[in-house]
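File shown here: structure.txt, holding compact mmCIF, C-alpha atoms.
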# COMPACT_ATOMS: atom_id res chain seq x y z
CA MET E 245 89.11 97.75 56.47
CA SER E 246 87.80 98.34 59.98
CA SER E 247 85.44 96.22 62.01
CA SER E 248 82.51 96.80 64.29
CA ARG E 249 83.03 93.49 66.06
CA ALA E 250 84.46 93.29 69.55
CA LEU E 251 87.69 91.54 70.43
CA SER E 252 87.32 88.16 72.07
CA THR E 253 88.85 87.55 75.48
CA ALA E 254 91.43 85.25 73.89
CA GLU E 255 92.38 87.89 71.30
CA GLN E 256 92.76 90.54 74.00
CA LYS E 257 94.94 88.25 76.10
CA PHE E 258 97.15 87.33 73.15
CA LEU E 259 97.66 90.93 72.01
CA ALA E 260 98.31 92.16 75.54
CA GLY E 261 101.17 89.67 75.79
CA VAL E 262 103.04 90.91 72.71
CA ASP E 263 105.16 94.05 72.37
CA SER E 264 104.27 96.50 69.61
CA PRO E 265 107.47 96.09 67.54
CA THR E 266 106.84 92.34 67.31
CA VAL E 267 103.26 93.01 66.25
CA ALA E 268 104.52 95.45 63.60
CA ASN E 269 107.12 92.96 62.34
CA ALA E 270 104.55 90.17 62.15
CA ILE E 271 102.11 92.35 60.19
CA GLU E 272 104.85 93.16 57.65
CA ARG E 273 105.02 89.49 56.70
CA PHE E 274 101.43 89.55 55.41
CA ALA E 275 102.26 92.31 52.87
CA VAL E 276 98.82 93.91 53.28
CA ARG E 277 100.12 97.49 53.35
CA ASP E 278 103.18 99.56 52.56
CA ARG E 279 105.88 99.34 55.20
CA THR E 280 105.76 103.10 55.69
CA GLU E 281 102.14 102.86 56.84
CA GLY E 282 100.29 101.39 59.81
CA PHE E 283 101.79 103.15 62.81
CA ILE E 284 101.49 106.48 64.60
CA GLY E 285 104.62 108.61 64.40
CA GLY E 286 107.13 108.96 67.19
CA ALA E 287 106.06 112.45 68.21
CA VAL E 288 103.22 110.72 70.09
CA GLN E 289 104.85 109.20 73.16
CA CYS E 290 103.71 106.60 75.68
CA THR E 291 103.22 108.38 79.01
CA PHE E 292 102.82 105.30 81.20
CA PRO E 293 105.13 102.57 79.84
CA ASP E 294 104.76 100.57 83.05
CA LEU E 295 101.11 99.86 82.20
CA GLY E 296 102.21 97.45 79.46
CA SER E 297 100.31 96.97 76.20
CA MET E 298 97.18 98.91 75.32
CA VAL E 299 94.75 97.10 73.00
CA GLY E 300 91.46 98.44 71.72
CA ARG E 301 89.27 99.62 68.85
CA ALA E 302 89.57 103.28 67.92
CA LEU E 303 86.92 105.90 68.43
CA THR E 304 88.18 108.91 66.50
CA VAL E 305 87.58 112.45 67.65
CA THR E 306 88.73 115.83 66.35
CA MET E 307 89.22 118.63 68.87
CA SER E 308 90.08 122.28 68.53
CA ASN E 309 90.73 125.34 70.69
CA ALA E 310 90.09 129.00 70.04
CA PRO E 311 89.85 132.24 72.02
CA GLY E 312 86.49 133.90 72.60
CA GLU E 313 83.20 132.62 73.93
CA PRO E 314 83.21 129.29 75.80
CA ALA E 315 83.10 126.44 73.31
CA GLN E 316 79.92 124.53 72.54
CA ARG E 317 79.53 121.15 74.27
CA ASP E 318 77.34 119.33 71.74
CA GLY E 319 80.35 117.38 70.47
CA TYR E 320 81.32 116.49 74.02
CA TRP E 321 78.08 114.58 74.53
CA ARG E 322 78.20 113.05 71.04
CA MET E 323 81.58 111.57 71.96
CA TRP E 324 80.29 109.98 75.15
CA ASP E 325 77.18 108.67 73.38
CA ALA E 326 79.36 107.07 70.69
CA LEU E 327 81.69 105.54 73.27
CA GLU E 328 78.80 104.09 75.25
CA GLN E 329 77.50 102.37 72.11
CA MET E 330 80.84 100.69 71.27
CA GLU E 331 81.82 97.33 72.72
CA GLY E 332 85.08 97.58 74.60
CA PRO E 333 87.93 97.82 74.86
CA VAL E 334 88.06 101.19 73.09
CA VAL E 335 90.86 103.70 72.56
CA LEU E 336 89.92 107.35 72.10
CA VAL E 337 92.04 108.78 69.29
CA ILE E 338 92.06 112.58 69.48
CA ALA E 339 93.33 114.66 66.56
CA ASP E 340 94.34 118.25 67.17
CA ALA E 341 92.70 120.77 64.83
CA SER E 342 93.77 123.89 66.72
CA GLY E 343 97.14 124.27 65.04
CA ALA E 344 98.66 124.99 68.45
CA PRO E 345 98.40 121.74 70.42
CA GLU E 346 100.84 123.02 73.05
CA ARG E 347 98.15 125.47 74.17
CA VAL E 348 95.38 123.04 75.22
CA ALA E 349 94.88 119.83 77.21
CA TYR E 350 92.16 117.77 75.59
CA SER E 351 91.52 115.54 78.59
CA GLY E 352 92.35 115.05 82.24
CA GLU E 353 91.26 112.97 85.21
CA ILE E 354 87.50 113.44 85.02
CA MET E 355 87.24 112.71 81.30
CA SER E 356 89.60 109.75 81.68
CA ARG E 357 87.55 108.28 84.50
CA LEU E 358 84.34 108.75 82.53
CA ALA E 359 85.91 107.23 79.43
CA GLN E 360 87.09 104.25 81.49
CA ARG E 361 83.62 103.69 82.92
CA LEU E 362 82.24 103.68 79.37
CA GLY E 363 84.70 101.05 78.15
CA ALA E 364 87.80 102.95 77.08
CA VAL E 365 91.28 101.80 78.08
CA GLY E 366 93.29 104.79 76.88
CA MET E 367 93.70 107.92 74.79
CA VAL E 368 96.03 108.65 71.89
CA THR E 369 96.53 112.22 70.71
CA ASP E 370 98.89 114.41 68.74
CA GLY E 371 98.09 117.10 71.28
CA GLY E 372 98.29 117.47 75.04
CA LEU E 373 96.65 115.88 78.09
CA ARG E 374 96.90 116.57 81.83
CA ASP E 375 96.40 115.20 85.37
CA ILE E 376 99.26 112.79 84.81
CA GLU E 377 99.56 111.29 88.29
CA GLU E 378 95.81 110.91 88.77
CA VAL E 379 95.28 109.18 85.42
CA ARG E 380 98.25 106.86 85.95
CA ALA E 381 96.71 105.84 89.28
CA ILE E 382 93.57 104.50 87.59
CA GLY E 383 95.57 102.47 85.05
CA PHE E 384 94.38 104.43 82.01
CA HIS E 385 96.78 104.67 79.07
CA TYR E 386 97.97 108.03 77.75
CA PHE E 387 99.82 108.48 74.45
CA MET E 388 100.47 112.14 73.72
CA ARG E 389 102.99 114.74 72.60
CA PHE E 390 103.26 116.60 75.91
CA PRO E 391 101.37 117.50 79.09
CA VAL E 392 99.53 120.83 79.11
CA VAL E 393 98.27 122.39 82.31
CA SER E 394 94.95 123.92 81.08
CA HIS E 395 91.99 122.62 79.12
CA ALA E 396 91.82 126.12 77.63
CA ASN E 397 88.72 126.43 75.41
CA TYR E 398 88.71 123.01 73.75
CA GLU E 399 85.84 121.96 71.53
CA ILE E 400 84.99 118.57 70.03
CA VAL E 401 84.26 119.36 66.41
CA ALA E 402 83.89 115.84 64.96
CA VAL E 403 83.20 112.35 66.30
CA GLY E 404 83.72 109.16 64.33
CA GLU E 405 85.33 110.78 61.29
CA PRO E 406 88.75 109.55 60.08
CA VAL E 407 91.69 111.46 61.56
CA ASN E 408 95.39 111.85 60.87
CA VAL E 409 97.60 111.49 63.95
CA ASN E 410 101.30 112.16 63.39
CA GLY E 411 101.27 110.79 59.86
CA GLN E 412 98.86 107.89 60.32
CA ARG E 413 95.24 107.84 59.17
CA VAL E 414 93.03 106.22 61.80
CA LYS E 415 89.37 105.30 61.41
CA THR E 416 86.79 104.48 64.04
CA GLY E 417 86.84 100.71 64.45
CA ASP E 418 90.55 100.32 63.65
CA LEU E 419 92.35 97.95 65.99
CA LEU E 420 95.23 99.60 67.89
CA HIS E 421 98.11 98.10 69.84
CA GLY E 422 100.38 100.40 71.83
CA ASP E 423 103.18 100.23 74.39
CA ARG E 424 106.36 102.12 75.28
CA ASN E 425 107.51 101.75 71.65
CA GLY E 426 104.48 103.44 70.11
CA VAL E 427 101.13 102.57 68.52
CA VAL E 428 100.56 100.21 65.59
CA VAL E 429 97.32 99.67 63.64
CA VAL E 430 96.51 95.96 63.40
CA PRO E 431 94.64 95.06 60.19
CA TRP E 432 91.54 93.12 61.08
CA GLU E 433 92.02 90.84 58.09
CA VAL E 434 95.23 89.38 59.54
CA LEU E 435 94.12 89.05 63.15
CA ASP E 436 93.16 85.37 62.91
CA ARG E 437 96.64 84.54 61.55
CA LEU E 438 98.65 86.96 63.66
CA HIS E 439 99.42 84.58 66.53
CA ASP E 440 101.31 82.15 64.31
CA GLU E 441 103.23 84.94 62.59
CA VAL E 442 104.20 86.47 65.94
CA GLU E 443 105.63 83.10 66.94
CA ASN E 444 107.57 82.96 63.66
CA VAL E 445 109.02 86.41 64.29
CA ARG E 446 110.02 85.43 67.83
CA ARG E 447 111.66 82.23 66.59
CA ILE E 448 113.64 84.00 63.86
CA GLU E 449 114.77 86.77 66.18
CA ALA E 450 115.81 84.23 68.84
CA THR E 451 118.04 82.39 66.37
CA ASP E 452 119.56 85.72 65.28
CA MET E 453 120.32 86.69 68.85
CA ASP E 454 121.72 83.27 69.70
CA LEU E 455 124.23 83.57 66.89
CA ILE E 456 125.09 87.21 67.65
CA LYS E 457 125.78 86.34 71.30
CA SER E 458 127.66 83.13 70.57
CA ASP E 459 131.43 82.65 70.72
CA GLY E 460 131.36 81.57 67.09
CA PHE E 461 129.91 84.85 65.84
CA THR E 462 131.46 86.48 62.80
CA LEU E 463 129.87 88.85 60.33
CA ALA E 464 130.42 86.24 57.63
CA ALA E 465 128.59 83.65 59.72
CA TYR E 466 125.71 86.05 60.29
CA LYS E 467 125.48 86.85 56.57
CA ALA E 468 125.30 83.11 55.86
CA HIS E 469 122.69 82.64 58.56
CA ARG E 470 120.51 85.32 56.96
CA GLY E 471 121.11 83.99 53.46
CA TYR E 472 122.90 87.10 52.29
CA GLY E 473 125.00 86.58 49.17
CA SER E 474 123.91 82.98 48.70

File written out as structure tokens:
Amino acid sequence: MSSSRALSTAEQKFLAGVDSPTVANAIERFAVRDRTEGFIGGAVQCTFPDLGSMVGRALTVTMSNAPGEPAQRDGYWRMWDALEQMEGPVVLVIADASGAPERVAYSGEIMSRLAQRLGAVGMVTDGGLRDIEEVRAIGFHYFMRFPVVSHANYEIVAVGEPVNVNGQRVKTGDLLHGDRNGVVVVPWEVLDRLHDEVENVRRIEATDMDLIKSDGFTLAAYKAHRGYGS
């Protein structure tokens, strides 16, 4: 399920203060999806880990690249129109359809600045992006496979259609949370309960770490602590 509603200020603040692995662990406890689902694969890397957590609703886009005549720009303007109509924060999720993502940069400084002005906070792609220093300077998140120097002959072939990015299906309206660890999809149906479950995860992990670091640690004690074999 995805949602057309915007995140409240309180929801944004809460999610921005949690790391992505803790969010992923908390979601597991609701048992709303298989544990092998709900996150973008590790080939898509966080380019600016110092920017902290990225939180926003997905706007999905499919882009391609081919030799020949300059690509049509109808999809380019459809993307910006769709972004303008969404309440922020928004994350542009760009799926490569070229089959050779190492041969094209799907965005750079100008597109990032325009996206930011229209309410986007970052881009996630299984392809390449560019203008690394310039985009970092404006505080715009990049998650990508690699930098590519040229925009080549990219074309936006679909806007708003579901995409698959490194093993994860993403739909427009999905809620994304990303940081240096990767990007997780937050189910809207658990959002109202997520704060309490995050606190439970933090409490459990703190007690684990306290025991592991203590002078009284033994593997047997840790097994007992976790209820293994009881």

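Take the candidates E:Ser297, E:Thr416, E:Met355, E:Ile382 and check each one against E:Ala326 using all atoms listed in the file; the shortest distance goes to E:Thr416.
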
Quiz item: Nearest to E:Gly404 among E:Phe384, E:Glu281, E:Gly296, E:Asp418, with distances taken over only C-alpha atoms: which residue is it?
Solution: E:Asp418

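Restricting the calculation to only C-alpha atoms, the smallest distance between E:Asp318 and any of E:Ala464, E:Ile448, E:Phe387, E:Ala402 is found for E:Ala402.
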
Quiz item: Of the candidates E:Ile284, E:Ile376, E:Leu438, E:Ala465, which one gets nearest to E:Glu272 if we count only C-alpha atoms?
Solution: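 Looking only at the distances to E:Glu272, the closest residue turns out to be E:Leu438.
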
Self-check item: Shortest interatomic distance to E:Arg361 - which of E:Glu328, E:Asp423, E:Asp278, E:Glu433, counting all atoms listed in the file
Solution: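 With all atoms listed in the file as the atom set, the closest residue is E:Glu328.
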
Please provide the set of residues having any atom within 7 Å of E:Glu353, restricted to all atoms listed in the file, with same-chain residues fewer than 3 positions apart removed, written as a PDB file with C-alpha atoms, keeping the file's coordinate frame.
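Wrote it out as around22.pdb, contents follow:
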ATOM      1  CA  SER E 356      89.600 109.750  81.680  1.00  0.00           C
ATOM      2  CA  ARG E 357      87.550 108.280  84.500  1.00  0.00           C
ATOM      3  CA  ASP E 375      96.400 115.200  85.370  1.00  0.00           C
ATOM      4  CA  GLU E 378      95.810 110.910  88.770  1.00  0.00           C
ATOM      5  CA  VAL E 379      95.280 109.180  85.420  1.00  0.00           C
TER       6      VAL E 379
END

Starting from the incomplete input, reconstruct N, CA and C atoms of stretch 329-356 of chain E and report them as a PDB file, keeping the file's coordinate frame.
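selection_27.pdb, written as the output of this step:
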ATOM      1  N   GLN E 329      78.087 103.321  73.049  1.00  0.00           N
ATOM      2  CA  GLN E 329      77.500 102.370  72.110  1.00  0.00           C
ATOM      3  C   GLN E 329      78.510 101.355  71.573  1.00  0.00           C
ATOM      4  N   MET E 330      79.815 101.606  71.768  1.00  0.00           N
ATOM      5  CA  MET E 330      80.840 100.690  71.270  1.00  0.00           C
ATOM      6  C   MET E 330      81.144  99.609  72.305  1.00  0.00           C
ATOM      7  N   GLU E 331      81.360  98.390  71.825  1.00  0.00           N
ATOM      8  CA  GLU E 331      81.820  97.330  72.720  1.00  0.00           C
ATOM      9  C   GLU E 331      83.308  97.524  72.976  1.00  0.00           C
ATOM     10  N   GLY E 332      83.699  97.366  74.233  1.00  0.00           N
ATOM     11  CA  GLY E 332      85.080  97.580  74.600  1.00  0.00           C
ATOM     12  C   GLY E 332      85.969  96.409  74.257  1.00  0.00           C
ATOM     13  N   PRO E 333      87.268  96.587  74.445  1.00  0.00           N
ATOM     14  CA  PRO E 333      87.930  97.820  74.860  1.00  0.00           C
ATOM     15  C   PRO E 333      88.046  98.825  73.707  1.00  0.00           C
ATOM     16  N   VAL E 334      88.023 100.104  74.071  1.00  0.00           N
ATOM     17  CA  VAL E 334      88.060 101.190  73.090  1.00  0.00           C
ATOM     18  C   VAL E 334      89.215 102.124  73.430  1.00  0.00           C
ATOM     19  N   VAL E 335      89.827 102.684  72.398  1.00  0.00           N
ATOM     20  CA  VAL E 335      90.860 103.700  72.560  1.00  0.00           C
ATOM     21  C   VAL E 335      90.358 104.980  71.904  1.00  0.00           C
ATOM     22  N   LEU E 336      90.289 106.064  72.668  1.00  0.00           N
ATOM     23  CA  LEU E 336      89.920 107.350  72.100  1.00  0.00           C
ATOM     24  C   LEU E 336      91.127 107.932  71.374  1.00  0.00           C
ATOM     25  N   VAL E 337      90.962 108.215  70.099  1.00  0.00           N
ATOM     26  CA  VAL E 337      92.040 108.780  69.290  1.00  0.00           C
ATOM     27  C   VAL E 337      91.656 110.228  68.965  1.00  0.00           C
ATOM     28  N   ILE E 338      92.402 111.165  69.532  1.00  0.00           N
ATOM     29  CA  ILE E 338      92.060 112.580  69.480  1.00  0.00           C
ATOM     30  C   ILE E 338      93.024 113.322  68.575  1.00  0.00           C
ATOM     31  N   ALA E 339      92.512 113.885  67.489  1.00  0.00           N
ATOM     32  CA  ALA E 339      93.330 114.660  66.560  1.00  0.00           C
ATOM     33  C   ALA E 339      93.197 116.141  66.871  1.00  0.00           C
ATOM     34  N   ASP E 340      94.331 116.805  66.932  1.00  0.00           N
ATOM     35  CA  ASP E 340      94.340 118.250  67.170  1.00  0.00           C
ATOM     36  C   ASP E 340      94.015 118.999  65.888  1.00  0.00           C
ATOM     37  N   ALA E 341      93.044 119.913  65.967  1.00  0.00           N
ATOM     38  CA  ALA E 341      92.700 120.770  64.830  1.00  0.00           C
ATOM     39  C   ALA E 341      92.933 122.239  65.163  1.00  0.00           C
ATOM     40  N   SER E 342      93.565 122.505  66.290  1.00  0.00           N
ATOM     41  CA  SER E 342      93.770 123.890  66.720  1.00  0.00           C
ATOM     42  C   SER E 342      94.944 124.549  66.022  1.00  0.00           C
ATOM     43  N   GLY E 343      95.911 123.732  65.597  1.00  0.00           N
ATOM     44  CA  GLY E 343      97.140 124.270  65.040  1.00  0.00           C
ATOM     45  C   GLY E 343      98.146 124.692  66.078  1.00  0.00           C
ATOM     46  N   ALA E 344      97.746 124.648  67.342  1.00  0.00           N
ATOM     47  CA  ALA E 344      98.660 124.990  68.450  1.00  0.00           C
ATOM     48  C   ALA E 344      98.403 124.034  69.596  1.00  0.00           C
ATOM     49  N   PRO E 345      98.736 122.754  69.411  1.00  0.00           N
ATOM     50  CA  PRO E 345      98.400 121.740  70.420  1.00  0.00           C
ATOM     51  C   PRO E 345      99.085 121.956  71.756  1.00  0.00           C
ATOM     52  N   GLU E 346     100.149 122.738  71.782  1.00  0.00           N
ATOM     53  CA  GLU E 346     100.840 123.020  73.050  1.00  0.00           C
ATOM     54  C   GLU E 346     100.065 123.991  73.930  1.00  0.00           C
ATOM     55  N   ARG E 347      98.917 124.473  73.439  1.00  0.00           N
ATOM     56  CA  ARG E 347      98.150 125.470  74.170  1.00  0.00           C
ATOM     57  C   ARG E 347      96.844 124.922  74.739  1.00  0.00           C
ATOM     58  N   VAL E 348      96.648 123.586  74.732  1.00  0.00           N
ATOM     59  CA  VAL E 348      95.380 123.040  75.220  1.00  0.00           C
ATOM     60  C   VAL E 348      95.560 121.584  75.635  1.00  0.00           C
ATOM     61  N   ALA E 349      94.968 121.228  76.780  1.00  0.00           N
ATOM     62  CA  ALA E 349      94.880 119.830  77.210  1.00  0.00           C
ATOM     63  C   ALA E 349      93.495 119.318  76.852  1.00  0.00           C
ATOM     64  N   TYR E 350      93.444 118.260  76.065  1.00  0.00           N
ATOM     65  CA  TYR E 350      92.160 117.770  75.590  1.00  0.00           C
ATOM     66  C   TYR E 350      91.469 116.820  76.555  1.00  0.00           C
ATOM     67  N   SER E 351      92.161 116.393  77.591  1.00  0.00           N
ATOM     68  CA  SER E 351      91.520 115.540  78.590  1.00  0.00           C
ATOM     69  C   SER E 351      92.354 115.549  79.864  1.00  0.00           C
ATOM     70  N   GLY E 352      91.689 115.193  80.959  1.00  0.00           N
ATOM     71  CA  GLY E 352      92.350 115.050  82.240  1.00  0.00           C
ATOM     72  C   GLY E 352      91.679 113.958  83.046  1.00  0.00           C
ATOM     73  N   GLU E 353      91.728 114.070  84.360  1.00  0.00           N
ATOM     74  CA  GLU E 353      91.260 112.970  85.210  1.00  0.00           C
ATOM     75  C   GLU E 353      89.779 112.673  85.046  1.00  0.00           C
ATOM     76  N   ILE E 354      88.937 113.697  85.062  1.00  0.00           N
ATOM     77  CA  ILE E 354      87.500 113.440  85.020  1.00  0.00           C
ATOM     78  C   ILE E 354      87.098 112.779  83.702  1.00  0.00           C
ATOM     79  N   MET E 355      87.571 113.316  82.589  1.00  0.00           N
ATOM     80  CA  MET E 355      87.240 112.710  81.300  1.00  0.00           C
ATOM     81  C   MET E 355      87.812 111.304  81.181  1.00  0.00           C
ATOM     82  N   SER E 356      88.996 111.093  81.736  1.00  0.00           N
ATOM     83  CA  SER E 356      89.600 109.750  81.680  1.00  0.00           C
ATOM     84  C   SER E 356      88.793 108.762  82.496  1.00  0.00           C
TER      85      SER E 356
END
